[in-house]
Amino acid sequence: MIIRILGEGRFEVPEADLPAIEQLDAQLVDAMERGDEAEFSGTLADLIGEVRHTGKLLPPDDFRTSELAVPHEGSSLKEVQTLLTEES
Amino acid sequence: MSVMKRLSGIVQAKANKALDKAENPADMLDLSYEKQVENLTKVRRALADVATAKKRLELQAAELQSQAQKLQDQAKQALSQGNEDLAREALSRRAGLADQLQNLGTQHQQVEAQQQQLEVTSQRLQTQVEAFRTKKETLKASYTASKAEAGIGEAVSGISESMASAGMTLDRAQDKIAQMQARAGAIDELLDSGALPDALGGGDDIQRELDSTSQQSQVDSELAALKSEIGSGSGTGGELPAAGASGAGQASDAAGGAAPGAGGLDIGGSATGAPA
């Protein structure tokens with residue numbers, strides 16, 4: 001599975017490592033719903049660390065698209081909320 | 001719903017929007033390449049903006065720092081003049097500056113983080129644009145082959161996604177720069193309005209009070225010196241001729257071309273003797 005970290009690049013992550021990443025994603029949603037800024041920042045940092053650690057950075061001449069995207073490192077809860085409202 | 005899925009949907013939507021305009025696959029390649037180059041220019045411009053914002057923060061910090069040092073010196077001077085209230089005032093203003101300095105330090109860290117992300121984006125985009133250019137020519141050469149179309153689609157989707165994501169990084173950086181500039185502007189205004197003690201010169205009430213105290217004590221000591229001269233009775237005669245003699249000294253400097261410092265001193269010395 002190819003996961004993009006915004007501001008950083010695309011990482012190819014083995015399927016076996018996806019559950020841990022999905023778990024962190026779910027925690028991120030939870031922190032957002034509760035408006036818990038500290039929890040959000042910590043989980044985002046963990047998520048970015050996990051993708052970097054388990055994934056392999058794709059070279060620039062690989063043009064495959066990603067299926068998941070992680071917010072920019074250091075993004076605030078509010079920033080991500082604003083970004084996600086562009087959805088509609 | 002998953003943050004990562006929603007965010008990915010947004011990136012894809014932005015990427016597709018950029019793709020809609022192309023008519024046929026070959027045009028798509030060229031159009032998308034032009035856009036990449038444009039995008040790269042924007043990222044580089046944003047990098048320059050970040051550097052400017054950083055420089056501005058550094059200048060402000062240096063100004064605040066020098067003002068803090070000045071207040072520290074003034075506090076010492078005030079204490080040596082025995083004016084504890086004034087020393088206290090100087091130190092409390094210095095504490096206010098320390099808060100501002102800390103604030104600037106935090107902002108500086110944020111700017112550096114932005115700079116780093118933009119640099120990574122710029123480098124990766126640059127490499128990817130180059131890789132795309134090579135791929136574009138290969139694909140165009142084999143364009144007539146029906147298979148090539150799929151390859152074009154994939155390359156264009158891939159690069160469009162990267163561009164959309166770079167665009168988001170760019171937007172984020174520009175927002176941060178704007179916030180930073182607003183804060184820097186607010187600090188400038190504070191400095192200008194004197195709400196913070198003047199880091200930029202101007203009316204400095206502490207310095208004025210210190211100066212007037214030291215002026216006063218200088219006047220006092222000169223007065224005391226004069227009084228003692230009058231008391232001894234020999235000083236008054238010497239004063240006036242000495243002034244005349246220094247005029248003579250300048251004339252002889254011009255004529256003789258001697259080193260002005262040394263000449264002035266010599267003549268001053270001999271002049272005191274001459275009129276007596």
# chains A, B, ... in the order shown; residues from 1 in each chain; ligands from 1
>>> select_by_dssp(residues="chain A", states="strand (DSSP E)", output="list of chain:residue names")
A:Ile2, A:Ile3, A:Arg4, A:Ile5, A:Gly9, A:Arg10, A:Phe11, A:Glu12, A:Lys56, A:Leu57, A:Leu68, A:Ala69, A:Val70
>>> write_last_selection(atoms="all heavy atoms", output="JSON list (two decimals), in the first residue's frame")
[["chain", "number", "residue", "atom", "x", "y", "z"],
["A", 2, "ILE", "N", 0.57, 2.21, -0.89],
["A", 2, "ILE", "CA", 1.39, 3.42, -0.94],
["A", 2, "ILE", "C", 0.73, 4.52, -0.09],
["A", 2, "ILE", "O", -0.45, 4.84, -0.28],
["A", 2, "ILE", "CB", 1.59, 3.87, -2.40],
["A", 2, "ILE", "CG1", 2.36, 2.78, -3.16],
["A", 2, "ILE", "CG2", 2.36, 5.19, -2.45],
["A", 2, "ILE", "CD1", 2.50, 3.01, -4.63],
["A", 3, "ILE", "N", 1.47, 5.05, 0.84],
["A", 3, "ILE", "CA", 0.96, 6.10, 1.72],
["A", 3, "ILE", "C", 1.80, 7.36, 1.52],
["A", 3, "ILE", "O", 3.03, 7.31, 1.51],
["A", 3, "ILE", "CB", 1.03, 5.67, 3.21],
["A", 3, "ILE", "CG1", 0.24, 4.36, 3.41],
["A", 3, "ILE", "CG2", 0.51, 6.77, 4.12],
["A", 3, "ILE", "CD1", 0.26, 3.84, 4.84],
["A", 4, "ARG", "N", 1.10, 8.48, 1.33],
["A", 4, "ARG", "CA", 1.83, 9.73, 1.16],
["A", 4, "ARG", "C", 1.87, 10.49, 2.48],
["A", 4, "ARG", "O", 0.85, 10.61, 3.16],
["A", 4, "ARG", "CB", 1.12, 10.59, 0.10],
["A", 4, "ARG", "CG", 1.77, 11.96, -0.09],
["A", 4, "ARG", "CD", 1.02, 12.79, -1.12],
["A", 4, "ARG", "NE", 1.22, 12.32, -2.49],
["A", 4, "ARG", "CZ", 2.32, 12.56, -3.21],
["A", 4, "ARG", "NH1", 3.32, 13.22, -2.70],
["A", 4, "ARG", "NH2", 2.41, 12.11, -4.44],
["A", 5, "ILE", "N", 3.04, 10.98, 2.85],
["A", 5, "ILE", "CA", 3.12, 11.93, 3.96],
["A", 5, "ILE", "C", 3.24, 13.30, 3.29],
["A", 5, "ILE", "O", 4.20, 13.54, 2.55],
["A", 5, "ILE", "CB", 4.34, 11.69, 4.87],
["A", 5, "ILE", "CG1", 4.31, 10.26, 5.46],
["A", 5, "ILE", "CG2", 4.36, 12.71, 6.01],
["A", 5, "ILE", "CD1", 5.52, 9.93, 6.33],
["A", 9, "GLY", "N", 6.70, 12.84, 0.95],
["A", 9, "GLY", "CA", 6.82, 11.92, -0.17],
["A", 9, "GLY", "C", 5.95, 10.68, 0.02],
["A", 9, "GLY", "O", 5.18, 10.59, 0.98],
["A", 10, "ARG", "N", 6.07, 9.73, -0.92],
["A", 10, "ARG", "CA", 5.26, 8.50, -0.86],
["A", 10, "ARG", "C", 6.09, 7.35, -0.31],
["A", 10, "ARG", "O", 7.27, 7.20, -0.67],
["A", 10, "ARG", "CB", 4.77, 8.12, -2.27],
["A", 10, "ARG", "CG", 3.69, 9.04, -2.84],
["A", 10, "ARG", "CD", 3.67, 8.93, -4.35],
["A", 10, "ARG", "NE", 5.01, 9.25, -4.89],
["A", 10, "ARG", "CZ", 5.49, 8.75, -6.02],
["A", 10, "ARG", "NH1", 4.79, 7.92, -6.75],
["A", 10, "ARG", "NH2", 6.70, 9.10, -6.43],
["A", 11, "PHE", "N", 5.45, 6.55, 0.53],
["A", 11, "PHE", "CA", 6.11, 5.39, 1.12],
["A", 11, "PHE", "C", 5.32, 4.14, 0.78],
["A", 11, "PHE", "O", 4.09, 4.14, 0.86],
["A", 11, "PHE", "CB", 6.17, 5.54, 2.64],
["A", 11, "PHE", "CG", 7.08, 6.65, 3.12],
["A", 11, "PHE", "CD1", 6.65, 7.98, 3.10],
["A", 11, "PHE", "CD2", 8.36, 6.37, 3.56],
["A", 11, "PHE", "CE1", 7.48, 9.01, 3.52],
["A", 11, "PHE", "CE2", 9.20, 7.39, 3.99],
["A", 11, "PHE", "CZ", 8.76, 8.72, 3.97],
["A", 12, "GLU", "N", 6.03, 3.09, 0.41],
["A", 12, "GLU", "CA", 5.35, 1.82, 0.17],
["A", 12, "GLU", "C", 5.43, 1.00, 1.46],
["A", 12, "GLU", "O", 6.51, 0.65, 1.92],
["A", 12, "GLU", "CB", 6.02, 1.06, -0.99],
["A", 12, "GLU", "CG", 5.24, -0.19, -1.34],
["A", 12, "GLU", "CD", 5.51, -0.66, -2.76],
["A", 12, "GLU", "OE1", 6.61, -0.40, -3.28],
["A", 12, "GLU", "OE2", 4.61, -1.31, -3.34],
["A", 56, "LYS", "N", 8.90, 2.18, 2.63],
["A", 56, "LYS", "CA", 10.10, 2.47, 1.86],
["A", 56, "LYS", "C", 9.78, 3.68, 0.96],
["A", 56, "LYS", "O", 8.76, 3.68, 0.24],
["A", 56, "LYS", "CB", 10.45, 1.25, 0.99],
["A", 56, "LYS", "CG", 11.94, 1.10, 0.77],
["A", 56, "LYS", "CD", 12.25, -0.11, -0.10],
["A", 56, "LYS", "CE", 12.26, 0.32, -1.56],
["A", 56, "LYS", "NZ", 12.10, -0.75, -2.52],
["A", 57, "LEU", "N", 10.61, 4.70, 1.04],
["A", 57, "LEU", "CA", 10.37, 5.92, 0.26],
["A", 57, "LEU", "C", 10.46, 5.61, -1.23],
["A", 57, "LEU", "O", 11.45, 5.01, -1.68],
["A", 57, "LEU", "CB", 11.40, 6.98, 0.66],
["A", 57, "LEU", "CG", 11.23, 8.38, 0.08],
["A", 57, "LEU", "CD1", 9.95, 9.04, 0.60],
["A", 57, "LEU", "CD2", 12.43, 9.25, 0.42],
["A", 68, "LEU", "N", -3.46, 6.43, 0.61],
["A", 68, "LEU", "CA", -3.73, 7.10, 1.89],
["A", 68, "LEU", "C", -2.79, 8.29, 2.00],
["A", 68, "LEU", "O", -1.70, 8.28, 1.44],
["A", 68, "LEU", "CB", -3.46, 6.14, 3.06],
["A", 68, "LEU", "CG", -4.37, 4.90, 3.19],
["A", 68, "LEU", "CD1", -3.83, 3.98, 4.28],
["A", 68, "LEU", "CD2", -5.81, 5.30, 3.50],
["A", 69, "ALA", "N", -3.24, 9.33, 2.74],
["A", 69, "ALA", "CA", -2.37, 10.49, 2.92],
["A", 69, "ALA", "C", -2.33, 10.89, 4.40],
["A", 69, "ALA", "O", -3.36, 10.92, 5.07],
["A", 69, "ALA", "CB", -2.85, 11.65, 2.06],
["A", 70, "VAL", "N", -1.13, 11.19, 4.88],
["A", 70, "VAL", "CA", -0.93, 11.61, 6.27],
["A", 70, "VAL", "C", -0.68, 13.13, 6.26],
["A", 70, "VAL", "O", 0.05, 13.62, 5.40],
["A", 70, "VAL", "CB", 0.30, 10.87, 6.88],
["A", 70, "VAL", "CG1", 0.52, 11.28, 8.32],
["A", 70, "VAL", "CG2", 0.12, 9.37, 6.77]]
>>> closest_atom_pairs(of="chain B", to="chain A", cutoff="7 Å", atoms="only C-alpha atoms", output="JSON lines")
{"residue": "B:Ser2", "atom": "CA", "partner": "A:Asp25", "partner_atom": "CA", "distance": 6.1}
{"residue": "B:Val3", "atom": "CA", "partner": "A:Val29", "partner_atom": "CA", "distance": 6.3}
{"residue": "B:Met4", "atom": "CA", "partner": "A:Ala69", "partner_atom": "CA", "distance": 4.8}
{"residue": "B:Lys5", "atom": "CA", "partner": "A:Leu68", "partner_atom": "CA", "distance": 5.2}
{"residue": "B:Arg6", "atom": "CA", "partner": "A:Leu84", "partner_atom": "CA", "distance": 6.9}
{"residue": "B:Leu7", "atom": "CA", "partner": "A:Ala69", "partner_atom": "CA", "distance": 5.6}
{"residue": "B:Ser8", "atom": "CA", "partner": "A:Ala69", "partner_atom": "CA", "distance": 4.6}
{"residue": "B:Ile10", "atom": "CA", "partner": "A:Glu87", "partner_atom": "CA", "distance": 5.8}
{"residue": "B:Gln117", "atom": "CA", "partner": "A:Gly7", "partner_atom": "CA", "distance": 5.8}
{"residue": "B:Val120", "atom": "CA", "partner": "A:Glu8", "partner_atom": "CA", "distance": 6.6}
{"residue": "B:Thr121", "atom": "CA", "partner": "A:Gly7", "partner_atom": "CA", "distance": 5.8}
{"residue": "B:Arg124", "atom": "CA", "partner": "A:Pro60", "partner_atom": "CA", "distance": 7.0}
{"residue": "B:Thr127", "atom": "CA", "partner": "A:Pro60", "partner_atom": "CA", "distance": 6.3}
{"residue": "B:Gln128", "atom": "CA", "partner": "A:Pro60", "partner_atom": "CA", "distance": 4.7}
{"residue": "B:Ala131", "atom": "CA", "partner": "A:Asp61", "partner_atom": "CA", "distance": 5.2}
{"residue": "B:Phe132", "atom": "CA", "partner": "A:Asp61", "partner_atom": "CA", "distance": 6.9}
{"residue": "B:Glu154", "atom": "CA", "partner": "A:Phe63", "partner_atom": "CA", "distance": 6.8}
{"residue": "B:Ala155", "atom": "CA", "partner": "A:Phe63", "partner_atom": "CA", "distance": 5.2}
{"residue": "B:Ser157", "atom": "CA", "partner": "A:Thr65", "partner_atom": "CA", "distance": 6.9}
{"residue": "B:Gly158", "atom": "CA", "partner": "A:Phe63", "partner_atom": "CA", "distance": 4.4}
{"residue": "B:Ile159", "atom": "CA", "partner": "A:Phe63", "partner_atom": "CA", "distance": 6.3}
{"residue": "B:Glu161", "atom": "CA", "partner": "A:Thr65", "partner_atom": "CA", "distance": 6.7}
{"residue": "B:Ser165", "atom": "CA", "partner": "A:Leu6", "partner_atom": "CA", "distance": 6.2}
{"residue": "B:Ala166", "atom": "CA", "partner": "A:Gly7", "partner_atom": "CA", "distance": 6.7}
{"residue": "B:Thr169", "atom": "CA", "partner": "A:Gly7", "partner_atom": "CA", "distance": 5.5}
>>> residues_around(residues="Glu84 in chain B", least_positions_apart="6", cutoff="12 Å", atoms="only C-alpha atoms", output="list in words")
Gln74, Ala75, Lys76, Gln77, Ala78, Ala90, Leu91 and Leu210 of chain B
>>> residues_around(residues="Asp17 in chain A", least_positions_apart="6", cutoff="9 Å", atoms="only C-alpha atoms", output="list in words")
Glu50, Val51, Thr54 and Gly55 of chain A
>>> write_last_selection(atoms="C-alpha atoms", output="PDB file, in the first residue's frame")
ATOM      1  CA  GLU A  50       5.375   4.471  11.850  1.00  0.00           C
ATOM      2  CA  VAL A  51       4.955   5.152   8.120  1.00  0.00           C
ATOM      3  CA  THR A  54       7.797   0.498   8.104  1.00  0.00           C
ATOM      4  CA  GLY A  55       7.593   2.022   4.628  1.00  0.00           C
TER       5      GLY A  55
END
>>> closest_residue(among="A:Ala38, A:Pro19, A:Ser76, A:Val13", to="His53 in chain A", atoms="only C-alpha atoms")
A:Val13
>>> select_by_dssp(residues="range 3-74 of chain A", states="alpha helix (DSSP H)", output="JSON, numbers by chain")
{"A": [18, 19, 20, 21, 22, 23, 24, 25, 26, 27, 28, 29, 30, 31, 32, 33, 34, 37, 38, 39, 40, 41, 42, 43, 44, 45, 46, 47, 48, 49, 50, 51, 52, 53, 54]}
